[in-house]
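**Student:** Below you'll find the structure I mean.
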Amino acid sequence: MSFVQLVSAFRLYGADVLLLALGVTLLTSLLKKTVMKNVNKKLFVFLPFAIGFAVYALYKMLVTASFDPVTKDFLLTLESGFGCGCAATLYYIVYEQFVRGKTACEPLLPLLDFIPESRRSEAAKALREGTAGMPQEDKAAYIKEHLNSYLEAPMSEEELTVAAETLAKYLSSIEQK
């Protein structure tokens with residue numbers, strides 16, 4: 001992924017989501033290194049999205065001084081919270097790729113912590129290239145079908161479905177339009 005593609009992905013989100021995503025990135029990193037360092041690595045795939053939703057919902061409730069963001073406007077809050085998680089993941093990717101000085105980072109790597117490290121890059125590249133140009137509704141099925149071949153231990157059907165849908169949505173959000 002080039003720098004221009006990363007910048008264009010950031011344009012999809014509003015300023016409030018981007019600022020909150022920075023906090024989500026920092027909070028996720030802090031939790032990962034302290035309280036949750038012995039937790040199953042599969043959790044870290046979904047953690048930025050869960051924290052992103054919670055932080056965005058809290059932010060909107062404080063701004064509106066009501067519970068409307070989690071009652072009447074729940075879907076809008078959910079969408080923006082998911083965007084916050086996506087942006088937080090993109091911040092992490094930018095950090096890994098440009099700040100830490102590592103070699104080029106595959107955009108899916110942070111979301112594939114549940115795949116053994118020896119096969120993670122191969123899986124990320126294969127899933128990204130296999131879904132390129134594919135309609136959104138077909139991506140999750142393709143990912144679900146191919147994800148098991150990279151796992152050491154099989155995932156439950158529910159975990160596999162959630163992981164495939166999350167990866168498909170994330171891939172669609174970073175694809176260059």
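Labels for the structure tokens follow display order: chains A, B, ..., residues from 1 in each chain, ligands from 1.
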Using only C-alpha atoms, which protein or nucleic acid residues come within 8 Å of A:Gly83? Drop anything in the same chain fewer than 6 positions from it, and give the result as a PyMOL selection string.
**Tutor:** chain A and resi 13+17+52
**Student:** Within 12 Å of A:Asp73, counting only C-alpha atoms, which residues show up once you throw out same-chain ones fewer than 5 positions away? Write them as a list in words, please.
**Tutor:**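 Non-adjacent residues within range: Ala57, Lys60, Met61, Thr64, Ser66, Phe67, Asp68, Leu78, Glu79 and Ser80 of chain A.
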**Student:** Which of these, A:Ala124, A:Val70, A:Ile143, A:Ile174, has the shortest distance to A:Leu160 once you count only C-alpha atoms?
**Tutor:**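 Of all the options, A:Ile143 lies closest to A:Leu160.
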**Student:** When you count only C-alpha atoms, which of these residues is closest to A:Ser149: A:Pro116, A:Thr161, A:Leu171, A:Val94?
**Tutor:**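 Residue with the minimum atom-to-atom distance to A:Ser149: A:Pro116.
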**Student:** Which is closest to A:Ala164 among A:His146, A:Leu151, A:Val4, A:Ile93, if we use only C-alpha atoms?
**Tutor:**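 With only C-alpha atoms as the atom set, the closest residue is A:His146.
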**Student:** List the spatial neighbours of A:Tyr92 as an NGL selection string - criterion: any atom at most 12 Å away, only C-alpha atoms, same-chain residues fewer than 2 positions off excluded.
**Tutor:** :A and (6 or 21-29 or 48 or 85-90 or 94-100 or 105-111)
**Student:** Go ahead and save the residues from that selection, with C-alpha atoms, as a PDB file, in the first residue's frame.
**Tutor:**
```
ATOM      1  CA  LEU A   6      -3.164   5.573   3.017  1.00  0.00           C
ATOM      2  CA  ALA A  21      -8.995   7.009  16.411  1.00  0.00           C
ATOM      3  CA  LEU A  22      -5.634   8.342  17.542  1.00  0.00           C
ATOM      4  CA  GLY A  23      -6.746   7.873  21.141  1.00  0.00           C
ATOM      5  CA  VAL A  24      -8.101   4.415  20.318  1.00  0.00           C
ATOM      6  CA  THR A  25      -4.729   3.471  18.798  1.00  0.00           C
ATOM      7  CA  LEU A  26      -2.865   4.617  21.885  1.00  0.00           C
ATOM      8  CA  LEU A  27      -5.326   2.934  24.257  1.00  0.00           C
ATOM      9  CA  THR A  28      -5.189  -0.327  22.280  1.00  0.00           C
ATOM     10  CA  SER A  29      -1.385  -0.300  22.313  1.00  0.00           C
ATOM     11  CA  PRO A  48      -9.692  -1.408  18.037  1.00  0.00           C
ATOM     12  CA  GLY A  85     -11.612   1.341  14.562  1.00  0.00           C
ATOM     13  CA  CYS A  86     -10.581   1.289  10.885  1.00  0.00           C
ATOM     14  CA  ALA A  87      -8.783   4.609  11.219  1.00  0.00           C
ATOM     15  CA  ALA A  88      -7.073   3.400  14.403  1.00  0.00           C
ATOM     16  CA  THR A  89      -5.868   0.336  12.520  1.00  0.00           C
ATOM     17  CA  LEU A  90      -4.614   2.579   9.712  1.00  0.00           C
ATOM     18  CA  VAL A  94       1.352   3.987   9.295  1.00  0.00           C
ATOM     19  CA  TYR A  95       3.295   3.743  12.529  1.00  0.00           C
ATOM     20  CA  GLU A  96       4.589   0.272  11.703  1.00  0.00           C
ATOM     21  CA  GLN A  97       5.416   1.132   8.097  1.00  0.00           C
ATOM     22  CA  PHE A  98       6.873   4.614   8.343  1.00  0.00           C
ATOM     23  CA  VAL A  99       7.825   5.391  11.939  1.00  0.00           C
ATOM     24  CA  ARG A 100       9.285   2.151  13.268  1.00  0.00           C
ATOM     25  CA  CYS A 105       3.703  -3.443   5.870  1.00  0.00           C
ATOM     26  CA  GLU A 106       0.842  -5.424   4.446  1.00  0.00           C
ATOM     27  CA  PRO A 107      -2.350  -3.584   5.510  1.00  0.00           C
ATOM     28  CA  LEU A 108      -4.024  -6.747   6.786  1.00  0.00           C
ATOM     29  CA  LEU A 109      -1.185  -7.839   9.084  1.00  0.00           C
ATOM     30  CA  PRO A 110      -2.506  -6.116  12.231  1.00  0.00           C
ATOM     31  CA  LEU A 111      -5.847  -7.887  11.789  1.00  0.00           C
TER      32      LEU A 111
END
```
**Student:** Restricting the calculation to only C-alpha atoms, which member of A:Ala123, A:Pro135, A:Ala50, A:Lys169 is positioned closest to A:Leu147?
**Tutor:**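 Ranked by minimum distance to A:Leu147, first place goes to A:Ala123.
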**Student:** Quote the spacing between atom CA of A:Glu158 and atom CA of A:Ser172 in Å to one decimal place.
**Tutor:**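 We find that atom CA of A:Glu158 and atom CA of A:Ser172 lie 21.2 Å from each other.
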**Student:** Smallest atom-to-atom distance to A:Asn40: which of A:Tyr150, A:Cys84, A:Phe114, A:Tyr91, using only C-alpha atoms?
**Tutor:**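 Closest candidate: A:Phe114.
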**Student:** Extract, using only C-alpha atoms, all DNA, RNA and protein residues at most 10 Å from A:Thr131, discarding same-chain residues fewer than 2 positions from it, and format them as a VMD selection string.
**Tutor:** chain A and resid 126 to 129 133 to 136 138 to 140 142 to 143 168 171 to 172
**Student:** Could you jot down the atom CA of A:Glu165 to atom CA of A:Val35 separation for me, Å, one decimal place?
**Tutor:** 27.5 Å
**Student:** Looking at A:Phe44, A:Leu167, A:Lys32, A:Ala54, which one is nearest to A:Leu20, with distances taken over only C-alpha atoms?
**Tutor:**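 Of A:Phe44, A:Leu167, A:Lys32, A:Ala54, the one nearest A:Leu20 is A:Ala54, counting only C-alpha atoms.
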